[in-house]
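Structure record follows, encoded as structure tokens.
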Amino acid sequence: MKSSNTYNFLIADDHSVLRQGVSLIIKDLFLNAKIFQSGNFKDTFKTLRETKIDLLILDVNFPEGNSLNILPEIKIIQPGIKILIFSGYDENIYAMRYLNAGASGYLSKESKEEEMKTAINSMMLSGKFITPGIRDKILDSYISKKTLNPLDLLSNREIEVARLLIKGYGNLEILELLKIKKTTVSTYKFRIFEKLQIDNLASLIELFNLYSEDKS
């Protein structure tokens with residue numbers, strides 16, 4: 001049964017087809033929904049300054065950069081806004097960072113339509129949404145007192161190697177700088193990727209952008 005309440009939604013994603021798809025889901029849930037769309041940061045902020053938005057469905061990546069950096073500004077413009085991050089990135093790695101930065105929920109773009117509807121309804125009713133997987137992750141962290149920051153899994157030396165890899169240094173340059181063996185650099189790289197559950201440098205860079213307190 002459709003809700004007859006009038007709500008304002010803003011779908012911010014740089015892919016038009018995805019925005020249209022989400023719009024159809026919202027219209028199927030809310031009879032009087034007013035839906036705004038934006039494909040970049042500029043249009044997103046324009047809408048937020050002009051219209052009170054009940055729910056912002058926000059992508060992670062835009063041509064201008066990562067939406068993590070604009071969450072604080074969004075909350076300044078509309079302190080009471082509900083923000084659902086709708087991302088193609090692994091929630092086990094990225095969800096907590098966005099939730100801690102001010103988002104109210106996190107949902108994977110691989111989710112089925114029914115889960116999307118559940119997430120939107122939950123956001124409108126309770127102001128938040130997390131999947132059972134993230135709920136378990138938070139509970140496990142609380143019980144075991146373990147960190148939710150994946151970079152804390154790395155040793156100090158692995159952090160050093162990772163930072164140099166991110167800066168573009170090759171194995172030979174790293175072994176010279178850190179005074180370690182060539183084979184050891186490869187071993188460190190393997191361990192870093194294994195611990196962080198990634199398989200490429202781009203993912204390593206993204207993780208450090210998200211979780212490292214020291215971006216240098």
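We label chains A, B, ... in the order they appear in the structure tokens, count residues from 1 in each chain, and number ligands from 1 in the order shown.
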
May I have a table of the residues of segment 74-134 of chain A lying at most 8 Å from segment 33-54 of chain A, giving each one's closest pair of atoms and their distance in Å to one decimal, counting only C-alpha atoms, ordered by chain and ascending residue number, as a Markdown table?
```
| residue | atom | partner | partner_atom | distance |
| --- | --- | --- | --- | --- |
| A:Ile74 | CA | A:Phe45 | CA | 7.5 |
| A:Ile77 | CA | A:Arg49 | CA | 6.7 |
| A:Gln78 | CA | A:Leu48 | CA | 7.2 |
| A:Ile81 | CA | A:Asp54 | CA | 5.8 |
| A:Lys82 | CA | A:Asp54 | CA | 6.2 |
| A:Met124 | CA | A:Asp54 | CA | 7.8 |
```

>> So that I can check the secondary structure, give me every residue of chain A assigned alpha helix (DSSP H) by backbone DSSP, as a PyMOL selection string.
In response: chain A and resi 16-29+41-50+71-77+91-101+113-126+132-144+156-166+171-178+182-196+201-211

>> With only C-alpha atoms as the counted atoms, please give the residues lying no more than 12 Å from Phe129 of chain A, apart from itself and same-chain residues fewer than 2 positions off, as a PyMOL selection string.
In response: chain A and resi 82-86+95+99+103-108+115-127+131-135

May I have the selected residues written with N, CA, C and O atoms, as a short mmCIF file (atom, residue, chain, number, x, y, z; two decimals), in the first residue's frame?
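The resulting file, result.cif, is reproduced below:
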```
data_model
loop_
_atom_site.label_atom_id
_atom_site.label_comp_id
_atom_site.auth_asym_id
_atom_site.auth_seq_id
_atom_site.Cartn_x
_atom_site.Cartn_y
_atom_site.Cartn_z
N LYS A 82 17.95 13.27 6.32
CA LYS A 82 18.32 11.85 6.36
C LYS A 82 19.12 11.55 5.09
O LYS A 82 18.71 11.92 3.99
N ILE A 83 20.24 10.87 5.25
CA ILE A 83 21.12 10.58 4.11
C ILE A 83 21.33 9.08 3.98
O ILE A 83 21.87 8.44 4.89
N LEU A 84 20.90 8.53 2.86
CA LEU A 84 21.13 7.11 2.55
C LEU A 84 22.22 7.03 1.48
O LEU A 84 22.04 7.52 0.36
N ILE A 85 23.36 6.46 1.84
CA ILE A 85 24.43 6.25 0.86
C ILE A 85 24.08 5.04 0.02
O ILE A 85 23.81 3.96 0.54
N PHE A 86 24.07 5.23 -1.30
CA PHE A 86 23.74 4.16 -2.24
C PHE A 86 24.97 3.92 -3.09
O PHE A 86 25.27 4.70 -4.00
N ALA A 95 31.02 1.26 4.74
CA ALA A 95 29.80 1.72 5.40
C ALA A 95 30.06 2.51 6.68
O ALA A 95 29.50 3.60 6.88
N LEU A 99 28.81 6.30 7.80
CA LEU A 99 27.88 6.44 8.93
C LEU A 99 28.48 7.35 10.00
O LEU A 99 27.80 8.20 10.56
N ALA A 103 26.15 10.12 7.57
CA ALA A 103 25.08 9.43 6.84
C ALA A 103 24.20 8.66 7.81
O ALA A 103 24.63 8.31 8.91
N SER A 104 22.95 8.42 7.40
CA SER A 104 22.01 7.72 8.27
C SER A 104 21.81 6.27 7.85
O SER A 104 21.17 5.49 8.56
N GLY A 105 22.32 5.91 6.67
CA GLY A 105 22.16 4.55 6.19
C GLY A 105 23.10 4.27 5.04
O GLY A 105 23.66 5.20 4.44
N TYR A 106 23.30 3.00 4.75
CA TYR A 106 24.21 2.59 3.68
C TYR A 106 23.63 1.36 3.00
O TYR A 106 23.27 0.38 3.66
N LEU A 107 23.51 1.43 1.66
CA LEU A 107 22.95 0.32 0.90
C LEU A 107 23.76 0.09 -0.37
O LEU A 107 24.14 1.04 -1.06
N SER A 108 24.01 -1.17 -0.68
CA SER A 108 24.76 -1.52 -1.87
C SER A 108 23.90 -1.40 -3.13
O SER A 108 22.71 -1.71 -3.11
N GLU A 115 14.86 -4.86 -1.23
CA GLU A 115 15.74 -4.36 -0.17
C GLU A 115 15.86 -2.84 -0.25
O GLU A 115 15.93 -2.16 0.77
N MET A 116 15.85 -2.31 -1.49
CA MET A 116 15.87 -0.87 -1.67
C MET A 116 14.62 -0.24 -1.06
O MET A 116 14.67 0.79 -0.37
N LYS A 117 13.48 -0.86 -1.28
CA LYS A 117 12.22 -0.37 -0.72
C LYS A 117 12.25 -0.42 0.81
O LYS A 117 11.80 0.50 1.49
N THR A 118 12.79 -1.51 1.33
CA THR A 118 12.91 -1.65 2.78
C THR A 118 13.79 -0.55 3.36
O THR A 118 13.47 0.04 4.40
N ALA A 119 14.90 -0.28 2.67
CA ALA A 119 15.83 0.75 3.14
C ALA A 119 15.18 2.12 3.14
O ALA A 119 15.29 2.88 4.11
N ILE A 120 14.47 2.47 2.07
CA ILE A 120 13.82 3.78 1.98
C ILE A 120 12.73 3.92 3.03
O ILE A 120 12.63 4.94 3.72
N ASN A 121 11.92 2.88 3.20
CA ASN A 121 10.86 2.92 4.22
C ASN A 121 11.45 3.06 5.62
O ASN A 121 10.95 3.83 6.45
N SER A 122 12.55 2.33 5.87
CA SER A 122 13.20 2.40 7.18
C SER A 122 13.75 3.80 7.43
O SER A 122 13.63 4.34 8.55
N MET A 123 14.34 4.40 6.41
CA MET A 123 14.89 5.75 6.54
C MET A 123 13.79 6.75 6.87
O MET A 123 13.96 7.64 7.71
N MET A 124 12.63 6.61 6.22
CA MET A 124 11.54 7.55 6.44
C MET A 124 10.86 7.35 7.80
O MET A 124 10.41 8.30 8.44
N LEU A 125 10.81 6.10 8.26
CA LEU A 125 10.12 5.81 9.51
C LEU A 125 11.01 6.00 10.74
O LEU A 125 10.58 6.58 11.74
N SER A 126 12.24 5.51 10.66
CA SER A 126 13.12 5.55 11.84
C SER A 126 14.32 6.47 11.68
O SER A 126 15.03 6.74 12.64
N GLY A 127 14.55 6.92 10.44
CA GLY A 127 15.68 7.83 10.21
C GLY A 127 17.00 7.13 10.02
O GLY A 127 18.05 7.77 9.91
N THR A 131 22.23 -2.80 7.01
CA THR A 131 21.94 -4.19 6.69
C THR A 131 22.29 -5.07 7.88
O THR A 131 23.04 -4.66 8.78
N PRO A 132 21.75 -6.29 7.93
CA PRO A 132 22.10 -7.21 9.02
C PRO A 132 23.61 -7.43 9.13
O PRO A 132 24.14 -7.58 10.23
N GLY A 133 24.30 -7.44 7.97
CA GLY A 133 25.75 -7.64 7.98
C GLY A 133 26.48 -6.55 8.73
O GLY A 133 27.40 -6.81 9.52
N ILE A 134 26.09 -5.29 8.49
CA ILE A 134 26.73 -4.17 9.18
C ILE A 134 26.33 -4.14 10.65
O ILE A 134 27.14 -3.83 11.53
N ARG A 135 25.09 -4.49 10.94
CA ARG A 135 24.64 -4.56 12.33
C ARG A 135 25.48 -5.58 13.10
O ARG A 135 25.90 -5.32 14.24
#
```

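Taking atom CA of Pro79 of chain A and atom CA of Tyr7 of chain A as endpoints, the distance between them is 16.7 Å.
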
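Interatomic distance, atom CA of Ile138 of chain A to atom CA of Tyr98 of chain A: 13.7 Å.
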
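Atom to atom, atom CA of Asn209 of chain A and atom CA of Arg191 of chain A stand 19.5 Å apart.
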
>> For Thr187 of chain A, find every residue with an atom within 12 Å (counting only C-alpha atoms), except residues of its own chain fewer than 6 positions away, and show them as number ranges by chain.
In response: A: 157-158, 161-162, 171, 175, 180-181, 193-194

Write out the residues from the selection above, keeping N, CA, C and O atoms, as an mmCIF file, in the first residue's frame.
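Output (again-v1.cif):
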```cif
data_model
loop_
_atom_site.group_PDB
_atom_site.id
_atom_site.type_symbol
_atom_site.label_atom_id
_atom_site.label_comp_id
_atom_site.auth_asym_id
_atom_site.auth_seq_id
_atom_site.Cartn_x
_atom_site.Cartn_y
_atom_site.Cartn_z
ATOM 1 N N ARG A 157 55.233 -1.390 9.852
ATOM 2 C CA ARG A 157 56.039 -1.532 8.627
ATOM 3 C C ARG A 157 55.135 -1.666 7.405
ATOM 4 O O ARG A 157 55.429 -1.105 6.347
ATOM 5 N N GLU A 158 54.047 -2.391 7.539
ATOM 6 C CA GLU A 158 53.102 -2.528 6.423
ATOM 7 C C GLU A 158 52.472 -1.182 6.065
ATOM 8 O O GLU A 158 52.245 -0.890 4.890
ATOM 9 N N VAL A 161 55.094 0.687 4.029
ATOM 10 C CA VAL A 161 55.153 0.170 2.655
ATOM 11 C C VAL A 161 53.926 0.620 1.865
ATOM 12 O O VAL A 161 54.037 1.048 0.711
ATOM 13 N N ALA A 162 52.767 0.533 2.482
ATOM 14 C CA ALA A 162 51.520 0.931 1.812
ATOM 15 C C ALA A 162 51.566 2.400 1.395
ATOM 16 O O ALA A 162 51.158 2.752 0.285
ATOM 17 N N ASN A 171 59.138 -1.297 -6.156
ATOM 18 C CA ASN A 171 59.770 -2.190 -5.178
ATOM 19 C C ASN A 171 61.213 -1.811 -4.883
ATOM 20 O O ASN A 171 61.654 -1.806 -3.729
ATOM 21 N N LEU A 175 62.679 -0.659 -1.228
ATOM 22 C CA LEU A 175 63.703 -1.399 -0.493
ATOM 23 C C LEU A 175 64.894 -0.508 -0.148
ATOM 24 O O LEU A 175 65.528 -0.675 0.902
ATOM 25 N N ILE A 180 65.207 -2.714 3.175
ATOM 26 C CA ILE A 180 64.725 -4.083 3.277
ATOM 27 C C ILE A 180 64.995 -4.815 1.966
ATOM 28 O O ILE A 180 65.307 -4.195 0.949
ATOM 29 N N LYS A 181 64.837 -6.150 1.978
ATOM 30 C CA LYS A 181 65.120 -6.954 0.804
ATOM 31 C C LYS A 181 64.001 -6.841 -0.224
ATOM 32 O O LYS A 181 62.844 -6.611 0.109
ATOM 33 N N PHE A 193 47.555 -6.446 0.925
ATOM 34 C CA PHE A 193 46.373 -6.698 0.096
ATOM 35 C C PHE A 193 45.495 -7.783 0.711
ATOM 36 O O PHE A 193 44.270 -7.687 0.687
ATOM 37 N N GLU A 194 46.150 -8.813 1.290
ATOM 38 C CA GLU A 194 45.394 -9.915 1.891
ATOM 39 C C GLU A 194 44.623 -9.438 3.119
ATOM 40 O O GLU A 194 43.437 -9.750 3.281
#
```
